[in-house]
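Participant: So that we are looking at the same thing, I have put the structure below in structure tokens.
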Amino acid sequence: MKKTALALLLCVPAFAALPPAQAQTEPASTKAAESLLSLDAQASAEVPQDVIHLTLFYEQQGNDPAQLSAALNQRTAQALRTADSIAHEAVTIHTGTLSVSPSTDRDGKISGWRGRSELILESHDFGAAASLAGRLSDSMQIGAVVFSLSPESERAAQAKLSLSAIASFRQQAQSAAQAFGYNSYVVRDVHVNRSNGGAPRPMFMMARAVGANETSSIPVEAGDQTVTVSVSGTVALQH
């Protein structure tokens with residue numbers, strides 16, 4: 001019995017050396033002092049479209065698809081040669097789609113073939129592109145005019161809007177901290193998303209040749225495109 005009692009007494013200092021339970025829970029109470037808040041901010045602007053896309057086309061019908069395809073290629077090559085001889089260096093020229101499809105009669109039988117070839121003019125200089133389209137009207141017709149926002153203009157707009165959206169996000173966080181009785185906030189995570197107003201809307205022209213003296217009638221006035229930057233994330237409100 002004496003040996004057992006002695007062993008118990010010797011174990012007491014070992015328990016006394018353990019840290020109190022209250023000290024172990026202090027990190028948890030520190031975390032409880034902050035509250036998480038999700039926020040969203042957004043900045044948008046209407047940016048003038050600065051690129052014109054002119055679609056020229058040539059259509060033909062025939063009984064042999066191979067011969068029809070060769071004729072379309074020949075007409076497109078002719079237009080390219082003409083464009084290269086008079087093209088303004090500010091205008092980019094490339095071929096579009098070339099398609100050959102069958103025509104059917106009332107019985108569903110193939111009665112012929114129809115084909116279409118395209119040439120695309122792109123430029124920041126609206127007048128130069130319209131003028132070149134008029135010069136090519138002897139061989140190809142104007143099918144559609146589309147305006148868009150260039151990548152460099154979009155990036156420049158996004159850079160400015162990002163600053164505005166981030167500033168709005170920070171202002172919301174500061175206002176929320178004060179409203180809830182906290183002293184400050186810390187950003188836990190944040191995401192910046194950029195977008196534009198969608199695909200450019202085409203402006204279709206009448207399917208007829210436009211002479212060089214009619215180029216002034218081609219609509220070459222661009223519109224605006226919406227560019228938006230949004231910031232979303234979570235902040236921790238702290239005392």
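In the structure tokens, each chain is lettered A, B, ... as it comes, each chain's residues begin at 1, and ligands are numbered from 1 in order of appearance.
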Mind checking DSSP for region 84-201 of chain A and telling me the alpha helix (DSSP H) residues as a PyMOL selection string?
Facilitator: chain A and resi 84-86+126-135+151-179
Participant: If you count only C-alpha atoms, which residues fall within 7 Å of region 118-129 of chain A, apart from same-chain ones fewer than 6 positions away, as a list in words?
Facilitator: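 So the residues in contact are Asp50, Val51, Ile52, His53, Leu54, Thr55, Leu56, Phe57, Tyr58, His88, Ala90, Val91, Thr92, Ile93, His94, Thr95, Gly96, Thr97, Leu98 and Val220 of chain A.
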Participant: Write out as a PyMOL selection string the residues lying within 8 Å of Ser139 (chain A), counting only C-alpha atoms and excluding same-chain residues fewer than 5 positions away.
Facilitator: chain A and resi 58+75+78-79
Participant: As a list in words, which residues of region 99-151 of chain A does DSSP assign to strand (DSSP E)?
Facilitator: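 The strand (DSSP E) residues within region 99-151 of chain A come out as Ser99, Val100, Ser101, Pro102, Ser103, Thr104, Ile110, Ser111, Gly112, Trp113, Arg114, Gly115, Arg116, Ser117, Glu118, Leu119, Ile120, Leu121, Glu122, Ser123, Gln141, Ile142, Gly143, Ala144, Val145, Val146, Phe147 and Ser148 of chain A.
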Participant: Counting only C-alpha atoms, which residue out of A:Trp113, A:Ala83, A:Glu34, A:Ala45 sits closest to Gln60 (chain A)?
Facilitator: A:Trp113
Participant: Within 7 Å of Leu37 (chain A), counting only C-alpha atoms, which residues qualify if same-chain residues fewer than 5 places away don't, as a short mmCIF file (atom, residue, chain, number, x, y, z; two decimals) with N, CA and C atoms, in the first residue's frame?
Facilitator:
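Written out: part22.cif:
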```cif
data_model
loop_
_atom_site.label_atom_id
_atom_site.label_comp_id
_atom_site.auth_asym_id
_atom_site.auth_seq_id
_atom_site.Cartn_x
_atom_site.Cartn_y
_atom_site.Cartn_z
N THR A 234 -14.44 37.63 -51.03
CA THR A 234 -14.82 37.52 -49.63
C THR A 234 -13.83 38.31 -48.77
N VAL A 235 -14.37 39.08 -47.83
CA VAL A 235 -13.51 39.81 -46.89
C VAL A 235 -13.86 39.37 -45.47
N ALA A 236 -12.85 39.44 -44.59
CA ALA A 236 -13.06 39.13 -43.17
C ALA A 236 -13.10 40.42 -42.39
#
```
Participant: Which polymer residues have any atom within 7 Å of an atom of region 67-74 of chain A, counting only C-alpha atoms, with same-chain residues fewer than 5 positions away left out, as a list in words?
Facilitator: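 Neighbouring residues, sequence-local ones excluded: Gly62, Val100, Gly115, Arg116 and Ser117 of chain A.
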Participant: For the residues in that selection, give me C-alpha atoms as a PDB file, in the first residue's frame.
Facilitator:
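The resulting file, part26.pdb, is shown below:
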```
ATOM      1  CA  GLY A  62     -24.117  25.877-112.773  1.00  0.00           C
ATOM      2  CA  VAL A 100     -21.142  24.921-103.365  1.00  0.00           C
ATOM      3  CA  GLY A 115     -22.020  28.543-105.195  1.00  0.00           C
ATOM      4  CA  ARG A 116     -20.798  31.526-103.218  1.00  0.00           C
ATOM      5  CA  SER A 117     -17.342  32.897-102.461  1.00  0.00           C
TER       6      SER A 117
END
```
Participant: Between A:Ala130, A:Ala159, A:Ile142, A:Leu237, which residue has the minimum interatomic distance to Gln178 (chain A), considering only C-alpha atoms?
Facilitator: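 Closest to Gln178 (chain A) of all the choices is A:Leu237.
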Participant: My list of candidates is A:His239, A:Arg81, A:Arg155, A:Arg114. Which is closest to Asn196 (chain A) when distances are computed with only C-alpha atoms?
Facilitator: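 Using only C-alpha atoms, the shortest distance to Asn196 (chain A) belongs to A:Arg155.
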Participant: I need the residue nearest Ser232 (chain A) from this list: A:Val192, A:Val145, A:Ala133, A:Val187. Use only C-alpha atoms for the distance.
Facilitator: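 Closest candidate: A:Val192.
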Participant: Which is closest to Gln49 (chain A) among A:Ser184, A:Asn193, A:Asn63, A:Ser148, if we use only C-alpha atoms?
Facilitator: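 Checking each of A:Ser184, A:Asn193, A:Asn63, A:Ser148 against Gln49 (chain A), counting only C-alpha atoms, the winner is A:Ser148.
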Participant: Would you mind reading off the distance between CA of Ala177 (chain A) and CA of Gln238 (chain A), one decimal, in Å?
Facilitator: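 Computed distance, CA of Ala177 (chain A) to CA of Gln238 (chain A), equals 7.8 Å.
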Participant: In Å to one decimal, how far is CA of Ser168 (chain A) from CA of Ser153 (chain A)?
Facilitator: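 Value for the CA of Ser153 (chain A)-CA of Ser168 (chain A) distance: 22.9 Å.
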Participant: How far is it from CA of Pro48 (chain A) to CA of Phe147 (chain A), in Å with one decimal?
Facilitator: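 Calculated distance between CA of Pro48 (chain A) and CA of Phe147 (chain A) is 9.6 Å.
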